[in-house]
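Student: Below: one structure in C-alpha cells.
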Amino acid sequence: MTAPFPATSLAPEVTEPIILALPKGRILSECGALLARAGIVPAPDYADEDSRRLRFPTDDPTLDVVRVRPFDVATFVAFGAAQIGICGADVLMEFDYPEVYAPLDLGIGKCRVSVAEPRETAGSDDPSRWSQVRVASKYPNITRRHYASRGIHAEVVHLNGAMELAPGLGLCRMIVDLVQTGSTLKANGLVETEVIAPVTSRLIVNRTALKTQPEVIGAWIARFRAAMA
C-alpha cells in the first residue's frame, strides 16, 4: 500500500508579496498620483503620517507597501527587505549601494543638493585657495567627494536636522543640504552659493530580485514606466 502524501504537499505554494518601500514626508504625497496611474491602491492610511502602521496591503495581493524614512528606502532595497522602492537621487548618491539599480527617473520630488553659507560672508573668500573647510551636513559622502574633487579636505559635522543653525552658532563655515525653495535658508540668514546636484525621485529595485524574479520585477518596472507616459 502506497503511503499517502503528507497534507502539506498538497497545499498551494505560498508566495510572499513583493514589497514596495515608500519614503515618509513630502515625496509620499507626490507619489499618490503616480501610484494611482500605476494601478496601485494601498490601504487608505498609508499616507496618514499619524498612522502607527508601517506596512500596508494594497488592492493587489502580490504587493505590499512599507513606509520608512527617506534615507532608509535605499537600505531596505539594497539588503532585500524590499524588492522595489522610490527614493531621491540624493540618497542614491550618498550611499551608492551596488545592490541597487535605478531604472526610472520618476520626475517627482524635484529639489537640489546645495552649498549654503551666511549671507554676510558669502563670496568673501576664494574657495580655490582653501586646503580644508568644516561643513555641516547629513550627506558626509557627497560633501567629502565634492570638496575632494577640488583638492579640499572637508571636515564634516554630521547633523540630521536644524542644519541652518550650524554656521550662526560657530559649528561650521557652511552647510550642504537639500534645498527646494530656499525659504528656510533665507529665514535663517543663509544663501545658496553652489548647486552640487539636481535631485528627483527614482524607482529603484534590488538587483538580486531582478535576476531571480525577472518577470515579476520587470512587470512592476513596466507599470511605473507606463504610468509616467
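In the C-alpha cells, each chain is lettered A, B, ... as it comes, each chain's residues begin at 1, and ligands are numbered from 1 in order of appearance.
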Mind listing the helix (DSSP H, G or I) residues of chain A, per DSSP on the backbone, as a ChimeraX atom specification?

Tutor: /A:7-10,26-37,44-47,70-78,89-95,127-129,140-148,163-165,183-187,207-212,214-228

Student: With C-alpha atoms kept, could you save the residues just selected as a tab-separated table (two decimals), in the first residue's frame?

Tutor:
chain	number	residue	atom	x	y	z
A	7	ALA	CA	-1.20	17.07	3.67
A	8	THR	CA	1.30	19.91	3.37
A	9	SER	CA	2.50	18.63	0.00
A	10	LEU	CA	-0.99	19.19	-1.44
A	26	ARG	CA	6.85	65.32	1.06
A	27	ILE	CA	7.63	62.70	-1.57
A	28	LEU	CA	4.96	60.37	-0.18
A	29	SER	CA	2.24	62.88	-1.05
A	30	GLU	CA	3.69	63.31	-4.55
A	31	CYS	CA	3.69	59.52	-5.01
A	32	GLY	CA	-0.10	59.34	-4.73
A	33	ALA	CA	-0.97	60.24	-8.31
A	34	LEU	CA	1.88	58.09	-9.67
A	35	LEU	CA	0.73	55.03	-7.73
A	36	ALA	CA	-2.83	55.57	-8.94
A	37	ARG	CA	-1.70	55.70	-12.57
A	44	PRO	CA	-6.11	54.36	2.94
A	45	ASP	CA	-3.95	55.06	6.00
A	46	TYR	CA	-0.66	54.54	4.12
A	47	ALA	CA	-0.48	58.32	3.54
A	70	PRO	CA	13.55	58.71	3.04
A	71	PHE	CA	17.17	57.84	3.88
A	72	ASP	CA	16.18	54.26	4.70
A	73	VAL	CA	14.41	53.36	1.45
A	74	ALA	CA	17.66	52.55	-0.38
A	75	THR	CA	18.88	50.48	2.58
A	76	PHE	CA	15.69	48.39	2.68
A	77	VAL	CA	16.03	47.72	-1.06
A	78	ALA	CA	19.80	47.13	-1.02
A	89	ALA	CA	18.71	60.68	-6.16
A	90	ASP	CA	20.42	62.34	-3.19
A	91	VAL	CA	20.04	59.12	-1.19
A	92	LEU	CA	21.49	57.06	-4.04
A	93	MET	CA	24.42	59.47	-4.35
A	94	GLU	CA	25.10	59.36	-0.62
A	95	PHE	CA	25.03	55.59	-0.15
A	127	PRO	CA	37.48	78.73	-2.38
A	128	SER	CA	40.34	77.82	-4.75
A	129	ARG	CA	42.75	78.88	-2.01
A	140	PRO	CA	29.01	63.27	4.55
A	141	ASN	CA	29.92	61.20	1.50
A	142	ILE	CA	28.55	63.66	-1.05
A	143	THR	CA	30.20	66.53	0.80
A	144	ARG	CA	33.62	64.90	1.04
A	145	ARG	CA	33.57	63.85	-2.62
A	146	HIS	CA	32.52	67.33	-3.73
A	147	TYR	CA	35.37	69.08	-1.95
A	148	ALA	CA	37.92	66.33	-2.60
A	163	MET	CA	21.35	72.38	9.64
A	164	GLU	CA	20.66	76.09	9.12
A	165	LEU	CA	21.60	76.86	12.74
A	183	SER	CA	12.88	79.79	2.00
A	184	THR	CA	14.30	78.02	5.07
A	185	LEU	CA	17.80	79.20	4.17
A	186	LYS	CA	16.57	82.77	3.75
A	187	ALA	CA	14.70	82.71	7.06
A	207	ARG	CA	19.48	43.65	-8.34
A	208	THR	CA	19.21	40.13	-6.93
A	209	ALA	CA	15.41	40.29	-7.02
A	210	LEU	CA	15.57	41.45	-10.63
A	211	LYS	CA	17.78	38.46	-11.51
A	212	THR	CA	15.78	35.86	-9.58
A	214	PRO	CA	12.84	38.98	-13.72
A	215	GLU	CA	9.25	38.65	-14.95
A	216	VAL	CA	7.69	39.90	-11.72
A	217	ILE	CA	10.08	42.79	-11.09
A	218	GLY	CA	10.20	43.64	-14.80
A	219	ALA	CA	6.40	43.85	-14.85
A	220	TRP	CA	6.42	46.38	-12.00
A	221	ILE	CA	9.06	48.47	-13.74
A	222	ALA	CA	6.89	48.41	-16.88
A	223	ARG	CA	3.82	49.53	-14.92
A	224	PHE	CA	5.68	52.52	-13.49
A	225	ARG	CA	7.10	53.36	-16.91
A	226	ALA	CA	3.60	53.30	-18.39
A	227	ALA	CA	2.32	55.45	-15.51
A	228	MET	CA	4.81	58.14	-16.49

Student: When you look at A:Leu106 with a cut-off of 7 Å (counting only C-alpha atoms), what residues show up, excluding the ones that are within fewer than 6 positions of it in the same chain? I need them as an NGL selection string.

Tutor: :A and (201-203)

Student: Could the residues in this selection be saved with N, CA, C and O atoms as a PDB file, in the first residue's frame?

Tutor:
ATOM      1  N   SER A 201      13.154  62.029  -7.735  1.00  0.00           N
ATOM      2  CA  SER A 201      12.960  60.702  -7.152  1.00  0.00           C
ATOM      3  C   SER A 201      13.065  59.627  -8.227  1.00  0.00           C
ATOM      4  O   SER A 201      12.648  59.830  -9.368  1.00  0.00           O
ATOM      5  N   ARG A 202      13.613  58.481  -7.852  1.00  0.00           N
ATOM      6  CA  ARG A 202      13.842  57.374  -8.781  1.00  0.00           C
ATOM      7  C   ARG A 202      13.106  56.116  -8.311  1.00  0.00           C
ATOM      8  O   ARG A 202      12.941  55.907  -7.102  1.00  0.00           O
ATOM      9  N   LEU A 203      12.706  55.314  -9.268  1.00  0.00           N
ATOM     10  CA  LEU A 203      12.258  53.953  -8.954  1.00  0.00           C
ATOM     11  C   LEU A 203      13.509  53.108  -8.830  1.00  0.00           C
ATOM     12  O   LEU A 203      14.362  53.117  -9.734  1.00  0.00           O
TER      13      LEU A 203
END

Student: Identify which of the residues A:Ala21, A:Ile40, A:Ile86, A:Val156 lies closest to A:Val65, counting only C-alpha atoms when measuring atom-to-atom distances.

Tutor: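 The closest residue to A:Val65 is A:Ala21.
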
Student: Could you pull out the strand (DSSP E or B) residues of stretch 44-210 of chain A from DSSP and send them as a VMD selection string?

Tutor: chain A and resid 55 to 58 63 to 68 84 to 88 100 to 105 111 to 118 132 to 137 153 to 158 174 to 179 190 to 199 201 to 206

Student: Expressed in Å to a single decimal, how great is the separation between atom CA of A:Gly123 and atom CA of A:Ile175?

Tutor: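 Atom CA of A:Ile175 lies at a distance of 14.5 Å from atom CA of A:Gly123.
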